[in-house]
file query_4.csv (CSV, C-alpha atoms)
chain,number,residue,atom,x,y,z
A,1,MET,CA,-15.7,20.0,-10.0
A,2,LYS,CA,-17.0,20.7,-6.5
A,3,PRO,CA,-15.0,22.8,-4.0
A,4,GLY,CA,-12.1,20.9,-2.3
A,5,PRO,CA,-8.8,21.6,-0.7
A,6,ALA,CA,-7.1,24.8,-1.9
A,7,LEU,CA,-4.1,22.8,-3.2
A,8,MET,CA,-4.8,19.6,-5.1
A,9,LYS,CA,-2.7,16.7,-4.1
A,10,HIS,CA,-2.0,13.3,-5.7
A,11,PHE,CA,-1.0,10.2,-3.8
A,12,LEU,CA,1.3,8.3,-6.2
A,13,GLN,CA,4.0,7.3,-3.7
A,14,ILE,CA,4.6,7.7,0.0
A,15,LYS,CA,6.9,10.7,-0.3
A,16,ASP,CA,4.1,12.7,-1.8
A,17,LEU,CA,2.9,13.5,1.7
A,18,ARG,CA,4.7,14.7,4.8
A,19,SER,CA,5.0,13.0,8.2
A,20,GLU,CA,2.6,15.3,9.8
A,21,GLU,CA,0.0,14.6,7.1
A,22,TYR,CA,0.4,10.9,7.8
A,23,ALA,CA,-0.2,11.5,11.5
A,24,TYR,CA,-3.4,13.3,10.6
A,25,LEU,CA,-4.5,10.5,8.2
A,26,PHE,CA,-3.9,7.8,10.8
A,27,GLU,CA,-5.9,9.7,13.4
A,28,ARG,CA,-8.7,10.2,10.8
A,29,ALA,CA,-8.6,6.5,10.0
A,30,ARG,CA,-9.1,5.7,13.7
A,31,VAL,CA,-12.1,8.0,13.9
A,32,ILE,CA,-13.6,6.8,10.7
A,33,LYS,CA,-13.1,3.1,11.6
A,34,THR,CA,-14.7,3.7,15.1
A,35,ARG,CA,-17.7,5.2,13.5
A,36,PHE,CA,-17.9,2.3,11.1
A,37,LYS,CA,-17.7,-0.2,13.9
A,38,ASN,CA,-20.4,1.7,15.9
A,39,TYR,CA,-22.7,1.8,12.8
A,40,GLU,CA,-22.6,5.6,12.8
A,41,ARG,CA,-23.6,7.1,9.4
A,42,TYR,CA,-20.8,9.3,8.0
A,43,VAL,CA,-21.2,10.5,4.5
A,44,PRO,CA,-18.9,13.5,3.8
A,45,LEU,CA,-18.5,12.6,0.1
A,46,VAL,CA,-22.1,12.7,-1.0
A,47,ASP,CA,-22.3,13.5,-4.7
A,48,ARG,CA,-18.6,12.8,-5.2
A,49,THR,CA,-17.6,10.1,-7.7
A,50,LEU,CA,-14.5,7.9,-7.7
A,51,ALA,CA,-13.3,6.4,-11.0
A,52,MET,CA,-11.3,3.1,-10.5
A,53,ILE,CA,-9.1,2.1,-13.4
A,54,PHE,CA,-7.7,-1.4,-13.4
A,55,GLU,CA,-5.0,-2.7,-15.7
A,56,LYS,CA,-4.0,-5.3,-13.0
A,57,ALA,CA,-6.6,-7.7,-11.5
A,58,SER,CA,-7.7,-6.9,-7.9
A,59,THR,CA,-9.7,-8.2,-5.0
A,60,ARG,CA,-8.7,-6.2,-1.9
A,61,THR,CA,-8.1,-3.0,-3.8
A,62,ARG,CA,-11.4,-3.0,-5.6
A,63,VAL,CA,-13.5,-4.0,-2.6
A,64,SER,CA,-11.8,-1.6,-0.2
A,65,PHE,CA,-12.0,1.4,-2.4
A,66,GLU,CA,-15.5,0.6,-3.7
A,67,ALA,CA,-17.1,-0.2,-0.3
A,68,GLY,CA,-15.2,2.7,1.3
A,69,MET,CA,-16.4,5.3,-1.2
A,70,TYR,CA,-20.0,4.1,-0.9
A,71,GLN,CA,-19.8,4.2,2.9
A,72,LEU,CA,-18.7,7.8,2.6
A,73,GLY,CA,-21.8,8.6,0.6
A,74,GLY,CA,-20.1,8.8,-2.9
A,75,SER,CA,-20.4,6.7,-6.0
A,76,VAL,CA,-18.0,4.6,-8.1
A,77,VAL,CA,-17.3,4.1,-11.7
A,78,HIS,CA,-15.3,0.9,-12.4
A,79,LEU,CA,-13.1,0.7,-15.5
A,80,THR,CA,-10.7,-1.9,-16.9
A,81,THR,CA,-8.5,-1.8,-20.0
A,82,GLY,CA,-11.1,-4.1,-21.7
A,83,ASP,CA,-13.9,-1.5,-21.4
A,84,SER,CA,-12.0,1.8,-21.6
A,85,GLN,CA,-9.6,3.5,-24.0
A,86,LEU,CA,-6.7,3.2,-21.5
A,87,GLY,CA,-5.5,0.0,-23.0
A,88,ARG,CA,-6.1,1.0,-26.6
A,89,ALA,CA,-4.8,3.8,-28.9
A,90,GLU,CA,-5.8,6.9,-27.0
A,91,PRO,CA,-2.9,8.7,-25.3
A,92,ILE,CA,-3.0,8.5,-21.5
A,93,GLU,CA,-2.9,12.2,-21.4
A,94,ASP,CA,-6.1,12.5,-23.3
A,95,THR,CA,-7.8,9.9,-21.2
A,96,ALA,CA,-6.8,11.8,-18.1
A,97,ARG,CA,-8.1,15.1,-19.4
A,98,VAL,CA,-11.5,13.5,-20.2
A,99,ILE,CA,-12.1,11.3,-17.1
A,100,SER,CA,-11.0,14.0,-14.7
A,101,ARG,CA,-13.7,16.4,-16.1
A,102,MET,CA,-16.4,13.9,-15.1
A,103,VAL,CA,-15.3,12.5,-11.7
A,104,ASP,CA,-13.9,13.9,-8.5
A,105,LEU,CA,-11.2,11.4,-7.8
A,106,VAL,CA,-9.3,8.7,-9.7
A,107,MET,CA,-7.7,5.5,-8.4
A,108,ILE,CA,-5.4,3.6,-10.9
A,109,ARG,CA,-3.9,0.1,-10.5
A,110,THR,CA,-1.5,-0.5,-13.3
A,111,TYR,CA,2.0,-1.7,-14.3
A,112,GLU,CA,4.5,1.2,-14.9
A,113,GLN,CA,4.7,4.0,-12.4
A,114,ALA,CA,5.4,6.3,-15.4
A,115,LYS,CA,1.9,5.6,-16.7
A,116,ILE,CA,0.2,6.9,-13.5
A,117,GLU,CA,2.6,9.8,-13.3
A,118,ARG,CA,1.6,10.8,-16.8
A,119,PHE,CA,-2.1,10.5,-16.0
A,120,ALA,CA,-1.8,12.6,-12.9
A,121,ALA,CA,0.1,15.3,-14.7
A,122,HIS,CA,-2.9,15.9,-16.9
A,123,SER,CA,-5.7,15.3,-14.4
A,124,ARG,CA,-7.9,18.0,-12.9
A,125,VAL,CA,-8.6,15.8,-9.9
A,126,PRO,CA,-6.5,13.9,-7.3
A,127,VAL,CA,-5.1,10.6,-8.5
A,128,ILE,CA,-4.4,7.7,-6.1
A,129,ASN,CA,-1.9,4.8,-6.8
A,130,GLY,CA,-3.8,1.6,-6.2
A,131,LEU,CA,-0.6,-0.4,-7.1
A,132,THR,CA,2.2,-0.1,-9.7
A,133,ASN,CA,5.2,-2.3,-10.4
A,134,GLU,CA,7.3,0.2,-8.3
A,135,TYR,CA,5.1,1.2,-5.4
A,136,HIS,CA,2.0,0.1,-3.3
A,137,PRO,CA,1.5,3.1,-1.0
A,138,CYS,CA,-2.1,2.4,0.1
A,139,GLN,CA,-1.0,-1.1,1.4
A,140,ILE,CA,1.8,0.4,3.4
A,141,LEU,CA,-0.7,3.0,4.9
A,142,ALA,CA,-2.8,0.1,6.0
A,143,ASP,CA,0.2,-1.8,7.4
A,144,ILE,CA,1.4,1.2,9.5
A,145,PHE,CA,-2.1,2.0,10.7
A,146,THR,CA,-2.4,-1.7,11.8
A,147,PHE,CA,0.9,-1.5,13.6
A,148,ILE,CA,-0.2,1.7,15.4
A,149,GLU,CA,-3.5,0.0,16.5
A,150,HIS,CA,-1.6,-2.9,18.0
A,151,ARG,CA,1.7,-1.5,19.2
A,152,GLY,CA,1.5,2.3,19.1
A,153,SER,CA,3.9,4.6,17.2
A,154,ILE,CA,6.1,3.0,14.6
A,155,GLN,CA,8.7,5.8,14.9
A,156,GLY,CA,12.1,4.3,16.0
A,157,LYS,CA,10.9,0.8,15.4
A,158,VAL,CA,12.4,-1.9,13.2
A,159,VAL,CA,10.5,-3.6,10.3
A,160,ALA,CA,12.0,-6.7,8.8
A,161,TRP,CA,11.3,-7.2,5.1
A,162,VAL,CA,11.9,-10.9,4.0
A,163,GLY,CA,11.6,-11.8,0.3
A,164,ASP,CA,11.5,-10.0,-3.0
A,165,GLY,CA,12.8,-6.5,-3.4
A,166,ASN,CA,9.5,-5.5,-5.0
A,167,ASN,CA,7.0,-2.6,-4.9
A,168,MET,CA,6.2,-3.4,-1.3
A,169,ALA,CA,9.8,-3.3,-0.3
A,170,ASN,CA,10.3,0.0,-2.1
A,171,THR,CA,7.4,1.5,-0.4
A,172,TRP,CA,8.5,0.4,3.1
A,173,LEU,CA,11.8,2.1,2.5
A,174,GLN,CA,10.1,5.3,1.5
A,175,ALA,CA,7.8,5.1,4.6
A,176,ALA,CA,10.8,4.6,6.8
A,177,GLU,CA,12.5,7.7,5.5
A,178,VAL,CA,9.4,9.8,5.9
A,179,MET,CA,8.1,8.5,9.2
A,180,GLY,CA,11.3,7.8,11.1
A,181,PHE,CA,11.8,4.0,11.5
A,182,LYS,CA,14.2,1.5,10.0
A,183,VAL,CA,13.7,-1.4,7.6
A,184,HIS,CA,15.9,-4.5,7.7
A,185,VAL,CA,15.9,-6.0,4.3
A,186,SER,CA,16.9,-9.6,3.3
A,187,THR,CA,16.4,-10.8,-0.3
A,188,PRO,CA,17.9,-13.6,-2.4
A,189,SER,CA,20.8,-12.7,-4.6
A,190,GLY,CA,19.5,-11.1,-7.8
A,191,TYR,CA,16.3,-9.8,-6.2
A,192,GLU,CA,17.7,-6.9,-4.2
A,193,ILE,CA,16.1,-3.6,-3.6
A,194,ASP,CA,17.3,-0.7,-5.8
A,195,PRO,CA,17.5,2.5,-3.7
A,196,ALA,CA,17.1,4.6,-6.9
A,197,VAL,CA,13.8,2.9,-7.7
A,198,ALA,CA,12.7,3.0,-4.1
A,199,GLY,CA,13.4,6.8,-4.2
A,200,VAL,CA,15.2,7.1,-0.9
A,201,SER,CA,18.2,9.3,-0.2
A,202,ASP,CA,18.8,8.5,3.4
A,203,ARG,CA,20.7,5.2,3.5
A,204,GLY,CA,20.3,5.2,7.3
A,205,CYS,CA,16.6,4.3,7.1
A,206,TYR,CA,17.4,0.7,6.1
A,207,ARG,CA,20.0,-2.1,6.4
A,208,VAL,CA,20.5,-5.0,4.1
A,209,PHE,CA,21.2,-8.5,5.4
A,210,ASP,CA,22.3,-11.6,3.5
A,211,HIS,CA,20.3,-14.0,5.7
A,212,PRO,CA,16.6,-13.4,6.7
A,213,MET,CA,17.3,-14.5,10.3
A,214,GLN,CA,19.7,-11.6,10.6
A,215,ALA,CA,17.1,-9.2,9.3
A,216,CYS,CA,14.4,-10.5,11.7
A,217,ALA,CA,16.7,-10.2,14.8
A,218,GLY,CA,15.1,-7.7,17.2
A,219,ALA,CA,12.4,-6.6,14.7
A,220,HIS,CA,9.1,-5.2,15.9
A,221,LEU,CA,7.4,-6.3,12.7
A,222,VAL,CA,8.2,-9.0,10.3
A,223,THR,CA,6.5,-8.8,6.9
A,224,THR,CA,6.7,-10.4,3.5
A,225,ASP,CA,5.0,-10.8,0.1
A,226,VAL,CA,4.5,-13.5,-2.5
A,227,TRP,CA,7.7,-14.6,-4.3
A,228,THR,CA,6.2,-13.9,-7.7
A,229,SER,CA,4.4,-10.7,-8.1
A,230,MET,CA,1.7,-10.0,-10.8
A,231,GLY,CA,3.4,-9.6,-14.1
A,232,TYR,CA,6.4,-11.8,-13.3
A,233,GLU,CA,4.7,-15.2,-13.7
A,234,ALA,CA,7.2,-16.3,-16.3
A,235,GLU,CA,9.9,-16.3,-13.6
A,236,ASN,CA,7.9,-18.4,-11.2
A,237,GLU,CA,9.9,-21.7,-11.3
A,238,GLU,CA,13.2,-19.8,-11.1
A,239,ARG,CA,11.9,-17.8,-8.2
A,240,LEU,CA,10.7,-20.8,-6.3
A,241,LYS,CA,14.2,-22.2,-6.2
A,242,ALA,CA,15.9,-18.8,-5.4
A,243,PHE,CA,13.6,-18.0,-2.5
A,244,VAL,CA,13.5,-21.3,-0.7
A,245,ASP,CA,15.3,-20.0,2.3
A,246,TRP,CA,13.2,-16.9,2.5
A,247,CYS,CA,10.1,-18.5,4.0
A,248,VAL,CA,9.0,-16.7,7.2
A,249,ASP,CA,8.7,-19.4,9.8
A,250,GLU,CA,8.5,-19.7,13.6
A,251,GLU,CA,12.3,-19.6,13.9
A,252,MET,CA,12.4,-16.2,12.2
A,253,MET,CA,9.6,-14.9,14.4
A,254,ALA,CA,11.4,-16.2,17.5
A,255,ALA,CA,14.4,-14.1,16.5
A,256,ALA,CA,12.3,-10.9,16.4
A,257,GLN,CA,11.0,-9.1,19.5
A,258,PRO,CA,8.8,-11.3,21.7
A,259,ASP,CA,5.7,-9.2,20.9
A,260,ALA,CA,6.6,-8.8,17.2
A,261,LEU,CA,3.8,-8.7,14.7
A,262,PHE,CA,3.6,-10.5,11.3
A,263,MET,CA,2.0,-9.0,8.3
A,264,HIS,CA,1.4,-10.0,4.7
A,265,CYS,CA,-0.4,-7.9,2.1
A,266,LEU,CA,-2.2,-11.0,0.7
A,267,PRO,CA,-2.9,-13.2,-1.2
A,268,ALA,CA,-0.6,-15.6,0.6
A,269,HIS,CA,0.8,-19.0,-0.4
A,270,ARG,CA,1.3,-21.0,2.8
A,271,GLY,CA,4.4,-23.1,2.6
A,272,GLU,CA,6.1,-20.7,0.2
A,273,GLU,CA,6.8,-17.1,1.5
A,274,VAL,CA,5.3,-17.9,5.0
A,275,THR,CA,4.4,-21.0,6.9
A,276,ALA,CA,0.8,-21.7,8.0
A,277,GLU,CA,2.0,-21.7,11.6
A,278,VAL,CA,3.0,-18.1,11.3
A,279,ILE,CA,0.3,-16.5,9.2
A,280,ASP,CA,-2.4,-18.3,11.1
A,281,GLY,CA,-0.6,-17.9,14.4
A,282,PRO,CA,-1.0,-15.5,17.4
A,283,GLN,CA,1.5,-12.9,16.1
A,284,SER,CA,-0.3,-12.5,12.7
A,285,VAL,CA,-2.5,-9.5,12.2
A,286,VAL,CA,-3.1,-10.0,8.4
A,287,TRP,CA,-6.9,-9.9,8.7
A,288,ASP,CA,-6.9,-6.6,10.6
A,289,GLU,CA,-4.3,-5.4,8.0
A,290,ALA,CA,-6.6,-6.4,5.1
A,291,GLU,CA,-9.6,-4.7,6.6
A,292,ASN,CA,-7.6,-1.5,7.4
A,293,ARG,CA,-7.1,-0.9,3.7
A,294,MET,CA,-10.6,0.3,3.6
A,295,HIS,CA,-10.4,2.6,6.6
A,296,VAL,CA,-7.1,4.3,5.7
A,297,GLN,CA,-8.3,4.7,2.1
A,298,LYS,CA,-11.5,6.4,3.4
A,299,ALA,CA,-9.3,8.8,5.4
A,300,LEU,CA,-7.1,9.4,2.3
A,301,MET,CA,-10.1,10.1,0.0
A,302,GLU,CA,-11.6,12.4,2.5
A,303,TYR,CA,-8.3,14.3,2.9
A,304,LEU,CA,-7.6,14.6,-0.9
A,305,LEU,CA,-11.2,15.9,-1.5
A,306,LEU,CA,-12.0,17.9,1.5
A,307,GLY,CA,-8.6,18.7,3.2
A,308,ARG,CA,-8.3,18.6,7.0
A,309,ILE,CA,-11.6,18.2,8.9
A,310,GLY,CA,-12.0,20.4,11.9

call {"tool": "encode", "arguments": {"input": "query_4.csv", "output": "structure tokens"}}
result
Amino acid sequence: MKPGPALMKHFLQIKDLRSEEYAYLFERARVIKTRFKNYERYVPLVDRTLAMIFEKASTRTRVSFEAGMYQLGGSVVHLTTGDSQLGRAEPIEDTARVISRMVDLVMIRTYEQAKIERFAAHSRVPVINGLTNEYHPCQILADIFTFIEHRGSIQGKVVAWVGDGNNMANTWLQAAEVMGFKVHVSTPSGYEIDPAVAGVSDRGCYRVFDHPMQACAGAHLVTTDVWTSMGYEAENEERLKAFVDWCVDEEMMAAAQPDALFMHCLPAHRGEEVTAEVIDGPQSVVWDEAENRMHVQKALMEYLLLGRIG
């Protein structure tokens, strides 16, 4: 492997990095995005290779990582369980030992967090969580960077989470604890967040509300996700009934701050978790949010491979 930071880091969940590291990453993302918009060539990762391993299908994760790595001058190897040993008989530990001898960085999008933790424990190179059942840290990086672009620091602000207590909700809670803001959570009964899974020890970083209107009251950001995440399709009909009152609409946005933003990690189902009037309305920043996956991930890959620049 080529020289990199003195201490190898993985990015498997938000609490893997400190608040000052996130401040650095967001500033680097701003610089890298500005260069991209100005058509300035910036290729610090020439001769570096990213392996992308997908057990879950992907659109935004694949495009953002693949395009981002190419833009930084590197190359990409794309693997799925159908064309690799990850989904067959070879132990994950052995796959990690082999792949990490051939590439400089690994991104994995899979089901159980335990699987990516096992891979990272036996990898000689940094491993990035592209999504697991428990966490989606790269998406929350993009969301917070988008908030900073539009409204400045998120410290001390209120984020309203409306919907399923899923991997996105877990990751928002972790981010609140690390970066100093508060999450208002409202989920249907039976779909609550589990603080133990979320991995937060500070109960002061979030509040739980029975009704989504209460969660949205005074929020600076309102965000949601699909009612049925990948891997839970068998529950779809049951979830459609349980979540009917958790559709983010104009009334919920009106309860938030007058300049509140709306975010959604996409893909979205208009008329289910959010109305068309909200996601296509003036408070929505979902398209900036989607694009920013690429920019923050470029900053993250640069940091994991090269350390701090300058």

call {"tool": "atom_distance", "arguments": {"input": "query_4.csv", "atom1": "atom CA of A:Met213", "atom2": "atom CA of A:Gln155"}}
result
22.5 Å

call {"tool": "residues_near_point", "arguments": {"input": "query_4.csv", "point": "(-1.4, 9.8, -19.9)", "cutoff": "9 Å", "atoms": "only C-alpha atoms", "output": "list in words"}}
result
Leu86, Glu90, Pro91, Ile92, Glu93, Asp94, Thr95, Ala96, Arg97, Ala114, Lys115, Ile116, Glu117, Arg118, Phe119, Ala120, Ala121, His122 and Ser123 of chain A

call {"tool": "write_last_selection", "arguments": {"input": "query_4.csv", "atoms": "C-alpha atoms", "output": "short mmCIF file (atom, residue, chain, number, x, y, z; two decimals), in the coordinates of the input"}}
result
data_model
loop_
_atom_site.label_atom_id
_atom_site.label_comp_id
_atom_site.auth_asym_id
_atom_site.auth_seq_id
_atom_site.Cartn_x
_atom_site.Cartn_y
_atom_site.Cartn_z
CA LEU A 86 -6.70 3.20 -21.50
CA GLU A 90 -5.80 6.90 -27.00
CA PRO A 91 -2.90 8.70 -25.30
CA ILE A 92 -3.00 8.50 -21.50
CA GLU A 93 -2.90 12.20 -21.40
CA ASP A 94 -6.10 12.50 -23.30
CA THR A 95 -7.80 9.90 -21.20
CA ALA A 96 -6.80 11.80 -18.10
CA ARG A 97 -8.10 15.10 -19.40
CA ALA A 114 5.40 6.30 -15.40
CA LYS A 115 1.90 5.60 -16.70
CA ILE A 116 0.20 6.90 -13.50
CA GLU A 117 2.60 9.80 -13.30
CA ARG A 118 1.60 10.80 -16.80
CA PHE A 119 -2.10 10.50 -16.00
CA ALA A 120 -1.80 12.60 -12.90
CA ALA A 121 0.10 15.30 -14.70
CA HIS A 122 -2.90 15.90 -16.90
CA SER A 123 -5.70 15.30 -14.40
#

call {"tool": "closest_residue", "arguments": {"input": "query_4.csv", "among": "A:Arg239, A:His211, A:Lys9, A:Arg270", "to": "A:Asp164", "atoms": "all atoms listed in the file"}}
result
A:Arg239

call {"tool": "closest_residue", "arguments": {"input": "query_4.csv", "among": "A:Val197, A:Asn236, A:Thr146, A:Gly73", "to": "A:Ala290", "atoms": "only C-alpha atoms"}}
result
A:Thr146

call {"tool": "residues_near_point", "arguments": {"input": "query_4.csv", "point": "(-9.4, -2.4, -4.3)", "cutoff": "10 Å", "atoms": "all atoms listed in the file", "output": "PyMOL selection string"}}
result
chain A and resi 52+54+57-68+107-109+130-131+138+293-294+297

call {"tool": "atom_distance", "arguments": {"input": "query_4.csv", "atom1": "atom CA of A:Leu72", "atom2": "atom CA of A:Glu291"}}
result
16.0 Å

call {"tool": "atom_distance", "arguments": {"input": "query_4.csv", "atom1": "atom CA of A:Ser229", "atom2": "atom CA of A:Ile148"}}
result
27.0 Å

call {"tool": "residues_around", "arguments": {"input": "query_4.csv", "residues": "A:Gly307", "least_positions_apart": "3", "cutoff": "12 Å", "atoms": "only C-alpha atoms", "output": "compact mmCIF listing (two decimals) with C-alpha atoms, in the frame of the given file"}}
result
# COMPACT_ATOMS: atom_id res chain seq x y z
CA PRO A 3 -15.00 22.80 -4.00
CA GLY A 4 -12.10 20.90 -2.30
CA PRO A 5 -8.80 21.60 -0.70
CA ALA A 6 -7.10 24.80 -1.90
CA LEU A 7 -4.10 22.80 -3.20
CA MET A 8 -4.80 19.60 -5.10
CA LYS A 9 -2.70 16.70 -4.10
CA GLU A 21 0.00 14.60 7.10
CA TYR A 24 -3.40 13.30 10.60
CA LEU A 25 -4.50 10.50 8.20
CA ARG A 28 -8.70 10.20 10.80
CA PRO A 44 -18.90 13.50 3.80
CA PRO A 126 -6.50 13.90 -7.30
CA ALA A 299 -9.30 8.80 5.40
CA LEU A 300 -7.10 9.40 2.30
CA MET A 301 -10.10 10.10 0.00
CA GLU A 302 -11.60 12.40 2.50
CA TYR A 303 -8.30 14.30 2.90
CA LEU A 304 -7.60 14.60 -0.90
CA GLY A 310 -12.00 20.40 11.90

call {"tool": "closest_residue", "arguments": {"input": "query_4.csv", "among": "A:Phe11, A:Phe262, A:Trp246, A:Tyr206", "to": "A:Leu105", "atoms": "all atoms listed in the file"}}
result
A:Phe11

call {"tool": "residues_around", "arguments": {"input": "query_4.csv", "residues": "A:Ile14", "least_positions_apart": "4", "cutoff": "12 Å", "atoms": "all atoms listed in the file", "output": "MDAnalysis selection string"}}
result
chainID A and resid 10 18:19 21:22 128:129 131 134:141 144 167:168 170:179 198:200

call {"tool": "closest_residue", "arguments": {"input": "query_4.csv", "among": "A:Lys15, A:Lys182, A:Lys298, A:Lys56", "to": "A:His220", "atoms": "all atoms listed in the file"}}
result
A:Lys182

call {"tool": "closest_residue", "arguments": {"input": "query_4.csv", "among": "A:Glu112, A:Ile309, A:Ile99, A:Gln13", "to": "A:Val31", "atoms": "all atoms listed in the file"}}
result
A:Ile309

call {"tool": "closest_residue", "arguments": {"input": "query_4.csv", "among": "A:Arg308, A:Arg35, A:His264, A:His78", "to": "A:Ala160", "atoms": "only C-alpha atoms"}}
result
A:His264

call {"tool": "build_atoms", "arguments": {"input": "query_4.csv", "residues": "stretch 156-172 of chain A", "atoms": "N, CA and C atoms", "output": "mmCIF file, in the coordinates of the input"}}
result
data_model
loop_
_atom_site.group_PDB
_atom_site.id
_atom_site.type_symbol
_atom_site.label_atom_id
_atom_site.label_comp_id
_atom_site.auth_asym_id
_atom_site.auth_seq_id
_atom_site.Cartn_x
_atom_site.Cartn_y
_atom_site.Cartn_z
ATOM 1 N N GLY A 156 10.950 4.958 15.246
ATOM 2 C CA GLY A 156 12.100 4.300 16.000
ATOM 3 C C GLY A 156 12.040 2.834 15.997
ATOM 4 N N LYS A 157 11.036 2.207 15.417
ATOM 5 C CA LYS A 157 10.900 0.800 15.400
ATOM 6 C C LYS A 157 11.668 0.143 14.239
ATOM 7 N N VAL A 158 11.769 -1.191 14.247
ATOM 8 C CA VAL A 158 12.400 -1.900 13.200
ATOM 9 C C VAL A 158 11.449 -2.845 12.479
ATOM 10 N N VAL A 159 11.375 -2.705 11.162
ATOM 11 C CA VAL A 159 10.500 -3.600 10.300
ATOM 12 C C VAL A 159 11.446 -4.471 9.521
ATOM 13 N N ALA A 160 11.227 -5.778 9.601
ATOM 14 C CA ALA A 160 12.000 -6.700 8.800
ATOM 15 C C ALA A 160 11.255 -7.094 7.545
ATOM 16 N N TRP A 161 11.893 -6.850 6.412
ATOM 17 C CA TRP A 161 11.300 -7.200 5.100
ATOM 18 C C TRP A 161 12.062 -8.476 4.634
ATOM 19 N N VAL A 162 11.332 -9.579 4.439
ATOM 20 C CA VAL A 162 11.900 -10.900 4.000
ATOM 21 C C VAL A 162 11.327 -11.254 2.686
ATOM 22 N N GLY A 163 12.154 -11.328 1.637
ATOM 23 C CA GLY A 163 11.600 -11.800 0.300
ATOM 24 C C GLY A 163 12.077 -10.930 -0.811
ATOM 25 N N ASP A 164 11.175 -10.675 -1.732
ATOM 26 C CA ASP A 164 11.500 -10.000 -3.000
ATOM 27 C C ASP A 164 11.677 -8.493 -2.774
ATOM 28 N N GLY A 165 12.651 -7.919 -3.460
ATOM 29 C CA GLY A 165 12.800 -6.500 -3.400
ATOM 30 C C GLY A 165 11.881 -5.792 -4.387
ATOM 31 N N ASN A 166 10.587 -5.914 -4.091
ATOM 32 C CA ASN A 166 9.500 -5.500 -5.000
ATOM 33 C C ASN A 166 8.921 -4.157 -4.656
ATOM 34 N N ASN A 167 7.714 -3.909 -5.177
ATOM 35 C CA ASN A 167 7.000 -2.600 -4.900
ATOM 36 C C ASN A 167 6.720 -2.437 -3.437
ATOM 37 N N MET A 168 6.422 -3.504 -2.722
ATOM 38 C CA MET A 168 6.200 -3.400 -1.300
ATOM 39 C C MET A 168 7.449 -3.002 -0.552
ATOM 40 N N ALA A 169 8.558 -3.638 -0.881
ATOM 41 C CA ALA A 169 9.800 -3.300 -0.300
ATOM 42 C C ALA A 169 10.220 -1.857 -0.522
ATOM 43 N N ASN A 170 10.055 -1.424 -1.775
ATOM 44 C CA ASN A 170 10.300 0.000 -2.100
ATOM 45 C C ASN A 170 9.530 0.938 -1.276
ATOM 46 N N THR A 171 8.266 0.602 -1.099
ATOM 47 C CA THR A 171 7.400 1.500 -0.400
ATOM 48 C C THR A 171 7.671 1.526 1.102
ATOM 49 N N TRP A 172 8.066 0.391 1.664
ATOM 50 C CA TRP A 172 8.500 0.400 3.100
ATOM 51 C C TRP A 172 9.696 1.267 3.279
#
